Amino acid sequence: MTKTLFSIGAWALLGWLTGSWLGPKVGWGLFSLGLLLMILVSGWQLSRIAHWVKNIDDPPPPSVGPWDDILAPIYRKLRYTSQEMHLLKRNLDSLLQAAEALPDGAITLDEAMQLTWCNQTASDHIGLNLETDRNHSILNILREPEFARYARQDEWPGPVLLHLTYDGHEKSLLAQLTRYGVGQFLLVTRDVTQVEKLETTRKDFVANVSHELRTPLTVLAGFLETLCDMPAEAISQTQREHYQRLMLEQALRMQAIVADLLTLSALESSPQAGGAPVRLGGVVQEALQQARILSGGQHVFVENIAHDICVTGSETELASAVSNLLTNAIRYTPKDGTITVSWFMTEDGHACYSVQDTGIGIAAQDIPRLTERFYRVDRGRSRATGGTGLGLAITRHVALRHNAELTIHSRLGAGSTFSLIFPSSRLSTAS
């Protein structure tokens, strides 16, 4: 403004001096010409400013007269604001990336409980699609009566456990609602499916151990009470020896259960088995000798064993797995049945140890659970044939530690085939 006034004053002075010399008309004409020039220059400067406004992120045009003092602070403020917005955007992007990386699901809701944003984990948990579900009520998206009752509460002191079925799979989710900001809600979801399964497994395990130990303990306690309460002359020596044999059998049974539990615990404590090459053919031969003794000549054994294939691993663990499969075949194959034992290379370069029997077979619904600890298809028959109920669980863990796969093929009443398939990375050829 000062520059403009100074310019008008300069032109007025020049016009007055010229008018004093050449006459008033010439002076006023020169003054008018000056004002016209100032208007034209101002118009040109304003056009440059108008052009800059269309690209306001660029520096303002230089030398625009009185506008320089106005545009400079405006540009500095714009540049500072732009830097602040860039920093805020970067922080927001960082927060969104952090929210996406959360192991829990995060869902933001407005005051009407309508979805405004969710991370990918929440989409996986509930099956949300942010593009189509945005601005829809979470109560219409998550149609669970239990969640609806929970969400309509005034306060949410704790989470609610939901059991959902999504894509054909059952899920257990903990959902927690909380307020934040003004009229906004945050819904956090956590997948506890595996935790629930582990808890169920733990409870089943404790119940099964108690059940398996209760029978021999009851027998022991019963015989001991009998021996303690009855006079010595009331029981013959033959009866006493019979009771002692039964008590010893039950004690050995409990000892076998504890030993298998310790073995299973040791196998679970480390995921991989190292060791040196083991001639598994020799291990199978030794297991067959023990199997024939256990069978007592009641079964026919057929052998198909390659002796030049070695497996890198623990010989003790491999011997346990080999023996467990043979023992199971003997226990569940009737008299005069055939048990075929094979150890051979497959066409795809793997090695397979298999035990095929002509026993009672297994129903299809029971096969997936056979490797569970203490799982028995027929508890009465299992106890009659012996065993702790842990053999196949131990075998499965031995297979996992040797990168092998335990496969089970069976049909009720038509026998079974149990196989351990070892990958080529675990194999070598004996010299």
# chains A, B, ... in the order shown; residues from 1 in each chain; ligands from 1

$ closest_atom_pairs --of "stretch 170-228 of chain A" --to "stretch 110-133 of chain A" --cutoff "8 Å" --atoms "only C-alpha atoms" --output "tab-separated table"
residue	atom	partner	partner_atom	distance
A:Leu173	CA	A:His125	CA	7.7
A:Gly183	CA	A:Glu111	CA	4.6
A:Gln184	CA	A:Asp110	CA	4.7
A:Phe185	CA	A:Asp110	CA	6.2
A:Thr189	CA	A:Ala122	CA	6.8
A:Asp191	CA	A:His125	CA	7.1

$ write_last_selection --atoms "N, CA, C and O atoms" --output "mmCIF file, in the first residue's frame"
data_model
loop_
_atom_site.group_PDB
_atom_site.id
_atom_site.type_symbol
_atom_site.label_atom_id
_atom_site.label_comp_id
_atom_site.auth_asym_id
_atom_site.auth_seq_id
_atom_site.Cartn_x
_atom_site.Cartn_y
_atom_site.Cartn_z
ATOM 1 N N LEU A 173 -14.456 -66.508 19.143
ATOM 2 C CA LEU A 173 -13.943 -65.137 19.194
ATOM 3 C C LEU A 173 -14.294 -64.486 20.518
ATOM 4 O O LEU A 173 -15.421 -64.636 21.011
ATOM 5 N N GLY A 183 -18.887 -40.126 20.838
ATOM 6 C CA GLY A 183 -19.865 -40.900 20.080
ATOM 7 C C GLY A 183 -19.245 -41.928 19.154
ATOM 8 O O GLY A 183 -19.816 -42.236 18.104
ATOM 9 N N GLN A 184 -18.092 -42.467 19.530
ATOM 10 C CA GLN A 184 -17.421 -43.469 18.713
ATOM 11 C C GLN A 184 -17.121 -44.695 19.565
ATOM 12 O O GLN A 184 -16.925 -44.596 20.785
ATOM 13 N N PHE A 185 -17.067 -45.859 18.895
ATOM 14 C CA PHE A 185 -16.854 -47.115 19.595
ATOM 15 C C PHE A 185 -15.767 -47.915 18.881
ATOM 16 O O PHE A 185 -15.616 -47.829 17.661
ATOM 17 N N THR A 189 -11.607 -57.799 18.429
ATOM 18 C CA THR A 189 -11.893 -59.241 18.374
ATOM 19 C C THR A 189 -10.597 -60.028 18.467
ATOM 20 O O THR A 189 -9.568 -59.613 17.930
ATOM 21 N N ASP A 191 -9.153 -64.140 18.172
ATOM 22 C CA ASP A 191 -9.440 -65.537 17.844
ATOM 23 C C ASP A 191 -8.872 -66.436 18.931
ATOM 24 O O ASP A 191 -7.663 -66.506 19.126
#

$ select_by_dssp --residues "stretch 185-415 of chain A" --states "helix (DSSP H, G or I)" --output "number ranges by chain"
A: 193-229, 232-234, 237-268, 280-295, 315-331, 364-369, 379-385, 391-401

$ write_last_selection --atoms "C-alpha atoms" --output "short mmCIF file (atom, residue, chain, number, x, y, z; two decimals), in the first residue's frame"
data_model
loop_
_atom_site.label_atom_id
_atom_site.label_comp_id
_atom_site.auth_asym_id
_atom_site.auth_seq_id
_atom_site.Cartn_x
_atom_site.Cartn_y
_atom_site.Cartn_z
CA THR A 193 -10.20 -71.10 18.71
CA GLN A 194 -6.84 -72.78 19.32
CA VAL A 195 -6.84 -71.74 22.98
CA GLU A 196 -10.24 -73.36 23.45
CA LYS A 197 -9.08 -76.50 21.65
CA LEU A 198 -5.97 -76.67 23.83
CA GLU A 199 -8.07 -76.18 26.94
CA THR A 200 -10.45 -78.93 25.81
CA THR A 201 -7.47 -81.18 25.05
CA ARG A 202 -6.01 -80.44 28.48
CA LYS A 203 -9.28 -81.27 30.22
CA ASP A 204 -9.70 -84.44 28.17
CA PHE A 205 -6.10 -85.42 28.91
CA VAL A 206 -6.53 -84.98 32.68
CA ALA A 207 -9.83 -86.87 32.57
CA ASN A 208 -8.31 -89.68 30.47
CA VAL A 209 -5.23 -90.03 32.68
CA SER A 210 -7.46 -90.15 35.76
CA HIS A 211 -9.68 -92.72 34.07
CA GLU A 212 -6.78 -94.90 32.95
CA LEU A 213 -5.10 -94.86 36.36
CA ARG A 214 -8.32 -95.28 38.33
CA THR A 215 -8.89 -98.90 37.26
CA PRO A 216 -5.49 -100.32 38.28
CA LEU A 217 -5.52 -98.22 41.46
CA THR A 218 -8.98 -99.54 42.34
CA VAL A 219 -7.81 -103.12 41.78
CA LEU A 220 -4.67 -102.56 43.88
CA ALA A 221 -6.60 -100.88 46.69
CA GLY A 222 -9.23 -103.63 46.66
CA PHE A 223 -6.73 -106.48 46.93
CA LEU A 224 -4.67 -104.65 49.57
CA GLU A 225 -7.79 -104.04 51.67
CA THR A 226 -8.70 -107.69 51.31
CA LEU A 227 -5.24 -108.84 52.40
CA CYS A 228 -5.14 -106.37 55.31
CA ASP A 229 -8.66 -106.94 56.64
CA ALA A 232 -3.91 -114.66 57.31
CA GLU A 233 -5.43 -118.14 57.71
CA ALA A 234 -8.57 -117.09 55.81
CA GLN A 237 -1.31 -119.45 49.74
CA THR A 238 -2.60 -120.06 46.22
CA GLN A 239 -5.15 -117.22 46.53
CA ARG A 240 -2.52 -114.93 48.04
CA GLU A 241 -0.15 -115.59 45.12
CA HIS A 242 -3.00 -115.02 42.67
CA TYR A 243 -3.80 -111.66 44.28
CA GLN A 244 -0.14 -110.69 44.25
CA ARG A 245 0.14 -111.50 40.53
CA LEU A 246 -2.92 -109.38 39.75
CA MET A 247 -1.55 -106.50 41.83
CA LEU A 248 1.79 -106.77 40.05
CA GLU A 249 0.02 -106.67 36.66
CA GLN A 250 -1.85 -103.50 37.65
CA ALA A 251 1.32 -101.90 39.05
CA LEU A 252 3.18 -102.68 35.83
CA ARG A 253 0.29 -101.23 33.86
CA MET A 254 0.51 -97.94 35.77
CA GLN A 255 4.26 -98.00 35.34
CA ALA A 256 3.84 -98.43 31.58
CA ILE A 257 1.38 -95.50 31.44
CA VAL A 258 3.79 -93.23 33.34
CA ALA A 259 6.72 -94.33 31.16
CA ASP A 260 4.75 -93.60 27.97
CA LEU A 261 3.70 -90.21 29.32
CA LEU A 262 7.33 -89.35 30.05
CA THR A 263 8.30 -90.50 26.55
CA LEU A 264 5.56 -88.39 25.00
CA SER A 265 6.62 -85.36 27.04
CA ALA A 266 10.25 -85.77 25.93
CA LEU A 267 9.20 -86.03 22.28
CA GLU A 268 7.03 -82.91 22.51
CA LEU A 280 15.80 -99.21 9.74
CA GLY A 281 15.64 -102.66 8.17
CA GLY A 282 17.59 -104.04 11.15
CA VAL A 283 15.33 -102.18 13.57
CA VAL A 284 12.28 -103.71 11.86
CA GLN A 285 13.80 -107.20 12.07
CA GLU A 286 14.38 -106.84 15.83
CA ALA A 287 10.82 -105.57 16.29
CA LEU A 288 9.52 -108.56 14.31
CA GLN A 289 11.31 -110.98 16.62
CA GLN A 290 9.63 -109.41 19.64
CA ALA A 291 6.31 -109.34 17.77
CA ARG A 292 6.46 -113.09 17.09
CA ILE A 293 7.01 -113.71 20.80
CA LEU A 294 4.06 -111.45 21.67
CA SER A 295 1.90 -113.20 19.07
CA GLU A 315 17.32 -95.13 16.66
CA THR A 316 15.51 -95.38 20.01
CA GLU A 317 12.60 -93.24 18.81
CA LEU A 318 12.36 -95.03 15.46
CA ALA A 319 12.40 -98.41 17.21
CA SER A 320 9.54 -97.25 19.45
CA ALA A 321 7.42 -96.18 16.44
CA VAL A 322 8.15 -99.40 14.52
CA SER A 323 7.30 -101.53 17.56
CA ASN A 324 4.10 -99.62 18.36
CA LEU A 325 2.61 -100.23 14.91
CA LEU A 326 3.48 -103.93 15.07
CA THR A 327 2.09 -104.32 18.59
CA ASN A 328 -1.20 -102.66 17.59
CA ALA A 329 -1.54 -105.01 14.61
CA ILE A 330 -1.08 -108.05 16.86
CA ARG A 331 -3.57 -106.83 19.46
CA ALA A 364 -13.98 -93.97 9.14
CA GLN A 365 -15.18 -91.53 11.83
CA ASP A 366 -12.62 -92.88 14.32
CA ILE A 367 -9.51 -92.68 12.11
CA PRO A 368 -8.81 -88.92 12.54
CA ARG A 369 -8.77 -89.33 16.33
CA ARG A 379 -12.37 -99.22 25.62
CA GLY A 380 -13.38 -102.67 26.79
CA ARG A 381 -11.48 -104.47 24.01
CA SER A 382 -8.49 -102.13 24.38
CA ARG A 383 -8.06 -102.96 28.05
CA ALA A 384 -8.51 -106.66 27.34
CA THR A 385 -5.66 -106.57 24.81
CA GLY A 391 1.29 -95.81 21.35
CA LEU A 392 -0.08 -94.03 18.28
CA ALA A 393 0.35 -90.60 19.91
CA ILE A 394 4.03 -91.45 20.48
CA THR A 395 4.35 -92.76 16.91
CA ARG A 396 2.87 -89.54 15.50
CA HIS A 397 5.36 -87.40 17.43
CA VAL A 398 8.27 -89.60 16.33
CA ALA A 399 7.09 -89.12 12.74
CA LEU A 400 6.90 -85.33 13.17
CA ARG A 401 10.40 -85.20 14.66
#

$ residues_around --residues "A:Pro423" --least-positions-apart "4" --cutoff "12 Å" --atoms "only C-alpha atoms" --output "list in words"
Cys310, Val311, Thr312, Met345, Thr346, Asp348, Gly349, His350, Ala351, Cys352, Tyr353, Ala399, Leu400, His402, Asn403, Ala404, Glu405, Leu406, Leu427 and Ser428 of chain A

$ write_last_selection --atoms "all heavy atoms" --output "CSV table (one decimal), in the first residue's frame"
chain,number,residue,atom,x,y,z
A,310,CYS,N,18.8,-96.3,4.9
A,310,CYS,CA,19.0,-95.7,6.2
A,310,CYS,C,18.2,-94.4,6.4
A,310,CYS,O,18.0,-93.7,5.5
A,310,CYS,CB,20.5,-95.4,6.4
A,310,CYS,SG,21.6,-96.8,6.4
A,311,VAL,N,17.8,-94.2,7.7
A,311,VAL,CA,17.1,-93.0,8.0
A,311,VAL,C,17.9,-92.2,9.0
A,311,VAL,O,18.3,-92.8,10.1
A,311,VAL,CB,15.7,-93.3,8.6
A,311,VAL,CG1,15.0,-92.0,9.1
A,311,VAL,CG2,14.8,-94.1,7.6
A,312,THR,N,18.1,-90.9,8.8
A,312,THR,CA,18.8,-90.1,9.8
A,312,THR,C,17.9,-89.7,10.9
A,312,THR,O,16.9,-89.1,10.7
A,312,THR,CB,19.4,-88.8,9.1
A,312,THR,OG1,20.2,-89.2,8.0
A,312,THR,CG2,20.1,-88.0,10.1
A,345,MET,N,11.5,-98.5,-0.8
A,345,MET,CA,11.5,-97.2,-1.5
A,345,MET,C,10.3,-97.0,-2.4
A,345,MET,O,9.9,-98.0,-3.1
A,345,MET,CB,12.8,-97.0,-2.3
A,345,MET,CG,14.1,-96.9,-1.5
A,345,MET,SD,14.2,-95.4,-0.6
A,345,MET,CE,14.2,-94.2,-1.9
A,346,THR,N,9.7,-95.9,-2.3
A,346,THR,CA,8.5,-95.6,-3.2
A,346,THR,C,9.0,-95.0,-4.5
A,346,THR,O,10.2,-94.7,-4.7
A,346,THR,CB,7.6,-94.6,-2.5
A,346,THR,OG1,8.2,-93.4,-2.4
A,346,THR,CG2,7.1,-95.1,-1.2
A,348,ASP,N,8.4,-92.2,-5.8
A,348,ASP,CA,8.7,-90.8,-5.8
A,348,ASP,C,9.9,-90.5,-4.9
A,348,ASP,O,10.1,-89.3,-4.6
A,348,ASP,CB,7.5,-90.0,-5.3
A,348,ASP,CG,7.0,-90.5,-4.0
A,348,ASP,OD1,7.6,-91.4,-3.4
A,348,ASP,OD2,5.9,-90.0,-3.5
A,349,GLY,N,10.7,-91.5,-4.6
A,349,GLY,CA,11.9,-91.3,-3.9
A,349,GLY,C,11.8,-91.2,-2.4
A,349,GLY,O,12.8,-91.0,-1.7
A,350,HIS,N,10.6,-91.5,-1.8
A,350,HIS,CA,10.4,-91.6,-0.4
A,350,HIS,C,10.7,-93.0,0.1
A,350,HIS,O,10.8,-94.0,-0.7
A,350,HIS,CB,9.1,-91.1,0.0
A,350,HIS,CG,8.8,-89.7,-0.3
A,350,HIS,ND1,7.6,-89.1,-0.3
A,350,HIS,CD2,9.7,-88.7,-0.7
A,350,HIS,CE1,7.7,-87.8,-0.7
A,350,HIS,NE2,8.9,-87.6,-0.9
A,351,ALA,N,10.7,-93.2,1.4
A,351,ALA,CA,10.8,-94.6,2.0
A,351,ALA,C,9.6,-94.8,2.9
A,351,ALA,O,9.1,-93.9,3.6
A,351,ALA,CB,12.1,-94.7,2.8
A,352,CYS,N,9.0,-96.0,2.8
A,352,CYS,CA,7.8,-96.3,3.5
A,352,CYS,C,7.9,-97.5,4.4
A,352,CYS,O,8.4,-98.6,3.9
A,352,CYS,CB,6.7,-96.5,2.5
A,352,CYS,SG,5.1,-96.9,3.2
A,353,TYR,N,7.6,-97.4,5.7
A,353,TYR,CA,7.5,-98.5,6.6
A,353,TYR,C,6.0,-98.7,6.8
A,353,TYR,O,5.3,-97.8,7.2
A,353,TYR,CB,8.2,-98.2,7.9
A,353,TYR,CG,7.8,-99.2,9.0
A,353,TYR,CD1,8.2,-100.5,8.9
A,353,TYR,CD2,7.0,-98.8,10.1
A,353,TYR,CE1,7.8,-101.4,9.9
A,353,TYR,CE2,6.7,-99.7,11.1
A,353,TYR,CZ,7.1,-101.0,11.0
A,353,TYR,OH,6.7,-101.9,12.0
A,399,ALA,N,7.2,-89.5,14.2
A,399,ALA,CA,7.1,-89.1,12.7
A,399,ALA,C,7.3,-87.6,12.5
A,399,ALA,O,8.1,-87.2,11.6
A,399,ALA,CB,5.7,-89.5,12.2
A,400,LEU,N,6.7,-86.8,13.3
A,400,LEU,CA,6.9,-85.3,13.2
A,400,LEU,C,8.4,-84.9,13.4
A,400,LEU,O,8.9,-84.1,12.7
A,400,LEU,CB,6.0,-84.6,14.2
A,400,LEU,CG,4.5,-84.6,13.9
A,400,LEU,CD1,3.7,-84.0,15.0
A,400,LEU,CD2,4.2,-83.9,12.6
A,402,HIS,N,10.9,-86.6,12.7
A,402,HIS,CA,11.7,-87.1,11.6
A,402,HIS,C,11.2,-86.7,10.3
A,402,HIS,O,11.6,-87.3,9.3
A,402,HIS,CB,11.8,-88.7,11.7
A,402,HIS,CG,12.6,-89.2,12.9
A,402,HIS,ND1,12.1,-89.2,14.1
A,402,HIS,CD2,13.9,-89.6,12.9
A,402,HIS,CE1,13.0,-89.7,14.9
A,402,HIS,NE2,14.1,-90.0,14.2
A,403,ASN,N,10.4,-85.6,10.3
A,403,ASN,CA,9.8,-85.1,9.0
A,403,ASN,C,9.0,-86.1,8.3
A,403,ASN,O,8.9,-86.0,7.0
A,403,ASN,CB,10.9,-84.5,8.1
A,403,ASN,CG,11.8,-83.5,8.9
A,403,ASN,OD1,13.0,-83.7,9.1
A,403,ASN,ND2,11.2,-82.4,9.3
A,404,ALA,N,8.5,-87.1,9.0
A,404,ALA,CA,7.8,-88.2,8.3
A,404,ALA,C,6.3,-88.0,8.5
A,404,ALA,O,5.8,-87.1,9.2
A,404,ALA,CB,8.2,-89.5,8.9
A,405,GLU,N,5.5,-88.8,7.7
A,405,GLU,CA,4.1,-88.7,7.8
A,405,GLU,C,3.5,-90.0,8.2
A,405,GLU,O,3.8,-91.1,7.6
A,405,GLU,CB,3.5,-88.3,6.4
A,405,GLU,CG,2.0,-88.1,6.4
A,405,GLU,CD,1.5,-87.8,5.0
A,405,GLU,OE1,2.3,-87.8,4.0
A,405,GLU,OE2,0.2,-87.7,4.8
A,406,LEU,N,2.6,-90.0,9.2
A,406,LEU,CA,1.9,-91.2,9.6
A,406,LEU,C,0.5,-91.2,8.9
A,406,LEU,O,-0.3,-90.3,9.0
A,406,LEU,CB,1.7,-91.2,11.1
A,406,LEU,CG,0.8,-92.3,11.7
A,406,LEU,CD1,1.4,-93.7,11.4
A,406,LEU,CD2,0.5,-92.1,13.2
A,427,LEU,N,16.9,-89.7,4.0
A,427,LEU,CA,17.3,-91.0,3.7
A,427,LEU,C,18.7,-91.0,3.2
A,427,LEU,O,19.3,-90.0,2.7
A,427,LEU,CB,16.4,-91.6,2.5
A,427,LEU,CG,14.9,-91.6,2.8
A,427,LEU,CD1,14.1,-92.1,1.6
A,427,LEU,CD2,14.6,-92.4,4.1
A,428,SER,N,19.4,-92.2,3.3
A,428,SER,CA,20.7,-92.4,2.7
A,428,SER,C,20.8,-93.9,2.5
A,428,SER,O,20.0,-94.7,3.0
A,428,SER,CB,21.8,-92.0,3.6
A,428,SER,OG,21.7,-92.6,4.9

$ select_by_dssp --residues "stretch 102-320 of chain A" --states "strand (DSSP E)" --output "number ranges by chain"
A: 105-109, 115-118, 160-166, 169-180, 184-191, 276-279, 300-305, 309-313

$ residues_around --residues "A:Arg79" --least-positions-apart "3" --cutoff "10 Å" --atoms "only C-alpha atoms" --output "mmCIF file with C-alpha atoms, in the first residue's frame"
data_model
loop_
_atom_site.group_PDB
_atom_site.id
_atom_site.type_symbol
_atom_site.label_atom_id
_atom_site.label_comp_id
_atom_site.auth_asym_id
_atom_site.auth_seq_id
_atom_site.Cartn_x
_atom_site.Cartn_y
_atom_site.Cartn_z
ATOM 1 C CA ILE A 56 -0.665 -22.640 -5.262
ATOM 2 C CA ASP A 57 1.962 -25.230 -4.205
ATOM 3 C CA ASP A 58 4.511 -23.480 -6.444
ATOM 4 C CA PRO A 59 6.423 -20.378 -5.223
ATOM 5 C CA PRO A 73 3.626 -14.511 4.324
ATOM 6 C CA ILE A 74 0.712 -16.282 2.633
ATOM 7 C CA TYR A 75 3.140 -18.627 0.829
ATOM 8 C CA ARG A 76 5.139 -19.242 4.002
ATOM 9 C CA SER A 82 1.492 -28.306 3.709
ATOM 10 C CA GLN A 83 4.401 -29.677 5.712
ATOM 11 C CA GLU A 84 2.132 -30.156 8.719
ATOM 12 C CA MET A 85 -0.454 -31.986 6.604
#

$ atom_distance --atom1 "atom CA of A:Ser416" --atom2 "atom CA of A:Arg279"
25.6 Å

$ atom_distance --atom1 "atom CA of A:Gln97" --atom2 "atom CA of A:Leu174"
22.8 Å

$ atom_distance --atom1 "atom CA of A:Thr338" --atom2 "atom CA of A:Glu303"
10.8 Å
